[in-house]
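Engineer: There's a structure below that I have some questions on.
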Amino acid sequence: MIMRTIAAAFVFFALAIGPAAAQRAVVRGLDKTTGHASDYTIPVGRSVRIGALEVVARACNKNAPEETPEVRIYLQVYDHPPAREGEEAERREIFHGWMFASSPGLSALDHPTYDIWAVDCRS
């Protein structure tokens, strides 16, 4: 019984000091052709279209307010280039990994038309 209490207290403490997981990720998308940037709120586990890209947020974590500010978003990004006449559009993965709001160049999306970077996590 005491071991269970200690284990439960340890788990509670670990969750309390760890980064907070959020239900929604906020990313900023830039269309390099037009120069237009917009913020997109993506529910974790769902996808949103940013131009020809499909962006799926898999996880979103944000440090506690008393810690150094950091937002981490795990994204999968798929490109849907236009199909040739008589062919189906091909969906191909062009990025998967963590993006960090404090270091957008650390794990950047490499696409000729669009830039995407992490902004925030929200409950």
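Each chain of the structure tokens is named A, B, ... in the order shown, its residues numbered from 1; ligands are numbered from 1 in display order.
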Excluding Val44 (chain A) and any residue of its chain fewer than 5 positions from it, enumerate the residues within 7 Å of it, using only C-alpha atoms, and give them as a PyMOL selection string.
Structural biologist: chain A and resi 23-25+57-59
Engineer: Using only C-alpha atoms, determine which residues lie at most 12 Å from Ser103 (chain A), disregarding the query and same-chain residues fewer than 5 positions distant; provide the list as a PyMOL selection string.
Structural biologist: chain A and resi 69-73+98+108+117-119
Engineer: Using only C-alpha atoms, which residue out of A:Ala64, A:Ile94, A:Leu53, A:Ala101 lies closest to Pro81 (chain A)?
Structural biologist: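 Nearest candidate to Pro81 (chain A) out of A:Ala64, A:Ile94, A:Leu53, A:Ala101: A:Leu53.
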Engineer: Which polymer residues have any atom within 12 Å of an atom of Val48 (chain A), counting only C-alpha atoms, with same-chain residues fewer than 4 positions away left out, as a list in words?
Structural biologist: Arg24, Ala25, Val26, Val27, Arg28, Gly29, Asp39, Tyr40, Thr41, Ile42, Pro43, Val44, Ala52, Leu53, Glu54, Val55, Val56, Ala57, Leu75, Gln76, Val77 and Tyr78 of chain A
Engineer: Apply DSSP to the backbone of this structure and, from region 13-115 of chain A, keep only the residues in strand (DSSP E or B); write these as a VMD selection string.
Structural biologist: chain A and resid 20 to 21 24 to 31 36 to 43 47 to 50 53 to 62 71 to 79 92 to 100 114 to 115
Engineer: Mind dumping the selected residues with N, CA and C atoms as a compact mmCIF listing (two decimals), in the first residue's frame?
Structural biologist:
# COMPACT_ATOMS: atom_id res chain seq x y z
N ALA A 20 3.95 20.88 -20.27
CA ALA A 20 2.50 20.72 -20.39
C ALA A 20 2.13 20.34 -21.83
N ALA A 21 1.36 19.29 -21.97
CA ALA A 21 0.87 18.88 -23.29
C ALA A 21 -0.40 19.67 -23.60
N ARG A 24 -4.05 21.80 -28.85
CA ARG A 24 -3.98 22.52 -30.13
C ARG A 24 -2.60 23.11 -30.34
N ALA A 25 -2.10 22.98 -31.54
CA ALA A 25 -0.82 23.56 -31.92
C ALA A 25 -1.09 24.76 -32.83
N VAL A 26 -0.32 25.81 -32.62
CA VAL A 26 -0.43 27.00 -33.48
C VAL A 26 0.86 27.10 -34.28
N VAL A 27 0.72 27.09 -35.60
CA VAL A 27 1.86 27.24 -36.49
C VAL A 27 1.61 28.45 -37.39
N ARG A 28 2.69 29.00 -37.90
CA ARG A 28 2.58 30.11 -38.84
C ARG A 28 3.05 29.61 -40.20
N GLY A 29 2.24 29.87 -41.20
CA GLY A 29 2.57 29.48 -42.56
C GLY A 29 2.81 30.70 -43.41
N LEU A 30 3.90 30.66 -44.18
CA LEU A 30 4.24 31.76 -45.07
C LEU A 30 4.23 31.26 -46.50
N ASP A 31 3.44 31.92 -47.33
CA ASP A 31 3.46 31.67 -48.77
C ASP A 31 4.54 32.58 -49.35
N HIS A 36 2.39 36.37 -47.99
CA HIS A 36 1.31 36.38 -47.02
C HIS A 36 1.57 35.32 -45.94
N ALA A 37 1.55 35.74 -44.67
CA ALA A 37 1.72 34.81 -43.55
C ALA A 37 0.42 34.75 -42.75
N SER A 38 0.06 33.55 -42.29
CA SER A 38 -1.14 33.35 -41.49
C SER A 38 -0.85 32.36 -40.39
N ASP A 39 -1.56 32.51 -39.27
CA ASP A 39 -1.48 31.55 -38.18
C ASP A 39 -2.58 30.51 -38.37
N TYR A 40 -2.23 29.25 -38.08
CA TYR A 40 -3.16 28.14 -38.21
C TYR A 40 -3.20 27.39 -36.89
N THR A 41 -4.40 27.15 -36.37
CA THR A 41 -4.57 26.36 -35.15
C THR A 41 -4.95 24.94 -35.57
N ILE A 42 -4.12 23.98 -35.15
CA ILE A 42 -4.31 22.59 -35.56
C ILE A 42 -4.58 21.73 -34.33
N PRO A 43 -5.76 21.11 -34.23
CA PRO A 43 -5.98 20.18 -33.12
C PRO A 43 -4.99 19.01 -33.23
N SER A 47 -5.45 17.38 -39.12
CA SER A 47 -4.64 18.05 -40.14
C SER A 47 -5.34 19.33 -40.60
N VAL A 48 -4.53 20.20 -41.22
CA VAL A 48 -5.03 21.43 -41.82
C VAL A 48 -4.28 21.64 -43.12
N ARG A 49 -4.94 22.26 -44.08
CA ARG A 49 -4.30 22.57 -45.37
C ARG A 49 -3.71 23.96 -45.32
N ILE A 50 -2.46 24.07 -45.72
CA ILE A 50 -1.79 25.35 -45.89
C ILE A 50 -1.32 25.35 -47.34
N LEU A 53 -0.01 22.16 -49.00
CA LEU A 53 0.53 21.29 -47.95
C LEU A 53 -0.56 20.83 -47.00
N GLU A 54 -0.42 19.61 -46.53
CA GLU A 54 -1.27 19.07 -45.47
C GLU A 54 -0.38 18.93 -44.24
N VAL A 55 -0.76 19.64 -43.16
CA VAL A 55 0.06 19.67 -41.94
C VAL A 55 -0.70 18.95 -40.84
N VAL A 56 -0.07 17.93 -40.24
CA VAL A 56 -0.67 17.15 -39.16
C VAL A 56 0.14 17.40 -37.89
N ALA A 57 -0.53 17.86 -36.84
CA ALA A 57 0.13 18.04 -35.54
C ALA A 57 -0.03 16.75 -34.75
N ARG A 58 1.08 16.15 -34.33
CA ARG A 58 1.05 14.89 -33.57
C ARG A 58 1.22 15.12 -32.07
N ALA A 59 1.95 16.17 -31.69
CA ALA A 59 2.14 16.49 -30.27
C ALA A 59 2.50 17.96 -30.15
N CYS A 60 2.16 18.54 -29.00
CA CYS A 60 2.47 19.93 -28.74
C CYS A 60 2.77 20.08 -27.25
N ASN A 61 3.96 20.54 -26.93
CA ASN A 61 4.39 20.71 -25.54
C ASN A 61 4.91 22.12 -25.32
N LYS A 62 4.62 22.64 -24.14
CA LYS A 62 5.04 24.00 -23.79
C LYS A 62 5.59 23.96 -22.36
N VAL A 71 8.38 26.18 -26.90
CA VAL A 71 7.24 25.46 -27.49
C VAL A 71 7.82 24.45 -28.45
N ARG A 72 7.36 23.19 -28.32
CA ARG A 72 7.79 22.10 -29.19
C ARG A 72 6.55 21.48 -29.84
N ILE A 73 6.58 21.39 -31.17
CA ILE A 73 5.45 20.78 -31.89
C ILE A 73 6.00 19.70 -32.81
N TYR A 74 5.42 18.49 -32.70
CA TYR A 74 5.81 17.41 -33.61
C TYR A 74 4.84 17.44 -34.78
N LEU A 75 5.39 17.65 -35.98
CA LEU A 75 4.56 17.80 -37.19
C LEU A 75 4.92 16.75 -38.24
N GLN A 76 3.92 16.40 -39.02
CA GLN A 76 4.11 15.67 -40.26
C GLN A 76 3.53 16.56 -41.35
N VAL A 77 4.31 16.76 -42.41
CA VAL A 77 3.87 17.64 -43.50
C VAL A 77 3.91 16.86 -44.80
N TYR A 78 2.81 16.92 -45.52
CA TYR A 78 2.68 16.23 -46.81
C TYR A 78 2.44 17.26 -47.90
N ASP A 79 3.08 17.05 -49.04
CA ASP A 79 2.89 17.92 -50.20
C ASP A 79 1.88 17.25 -51.13
N ARG A 92 2.97 13.12 -50.84
CA ARG A 92 4.26 12.63 -50.37
C ARG A 92 4.69 13.42 -49.14
N GLU A 93 5.27 12.69 -48.18
CA GLU A 93 5.73 13.31 -46.95
C GLU A 93 7.02 14.08 -47.22
N ILE A 94 7.04 15.36 -46.80
CA ILE A 94 8.23 16.17 -47.02
C ILE A 94 8.91 16.57 -45.71
N PHE A 95 8.23 16.35 -44.58
CA PHE A 95 8.82 16.67 -43.28
C PHE A 95 8.11 15.89 -42.20
N HIS A 96 8.87 15.40 -41.23
CA HIS A 96 8.32 14.91 -39.97
C HIS A 96 9.38 15.12 -38.89
N GLY A 97 8.94 15.67 -37.79
CA GLY A 97 9.87 15.92 -36.70
C GLY A 97 9.40 17.06 -35.81
N TRP A 98 10.23 17.36 -34.82
CA TRP A 98 9.93 18.43 -33.87
C TRP A 98 10.35 19.77 -34.44
N MET A 99 9.49 20.76 -34.25
CA MET A 99 9.83 22.16 -34.54
C MET A 99 9.81 22.90 -33.22
N PHE A 100 10.77 23.81 -33.04
CA PHE A 100 10.93 24.57 -31.81
C PHE A 100 10.69 26.05 -32.09
N TYR A 114 6.50 27.27 -49.50
CA TYR A 114 5.95 27.52 -48.16
C TYR A 114 7.00 27.36 -47.07
N ASP A 115 6.88 28.21 -46.05
CA ASP A 115 7.62 28.06 -44.80
C ASP A 115 6.60 27.85 -43.70
Engineer: Measuring between only C-alpha atoms, which one of A:Ile116, A:Ala89, A:Ala22, A:Leu106 shows the shortest distance to Asn63 (chain A)?
Structural biologist: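 Answer, going by the shortest atom-to-atom distance: A:Ala22.
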Engineer: Could you check how far CA of Gly51 (chain A) sits from CA of Arg84 (chain A), in Å to one decimal?
Structural biologist: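 Distance reported for this atom pair: 17.9 Å.
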Engineer: State, in Å with one decimal place, the distance from CA of Arg122 (chain A) to CA of Leu109 (chain A).
Structural biologist: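 Those two atoms sit 22.1 Å apart.
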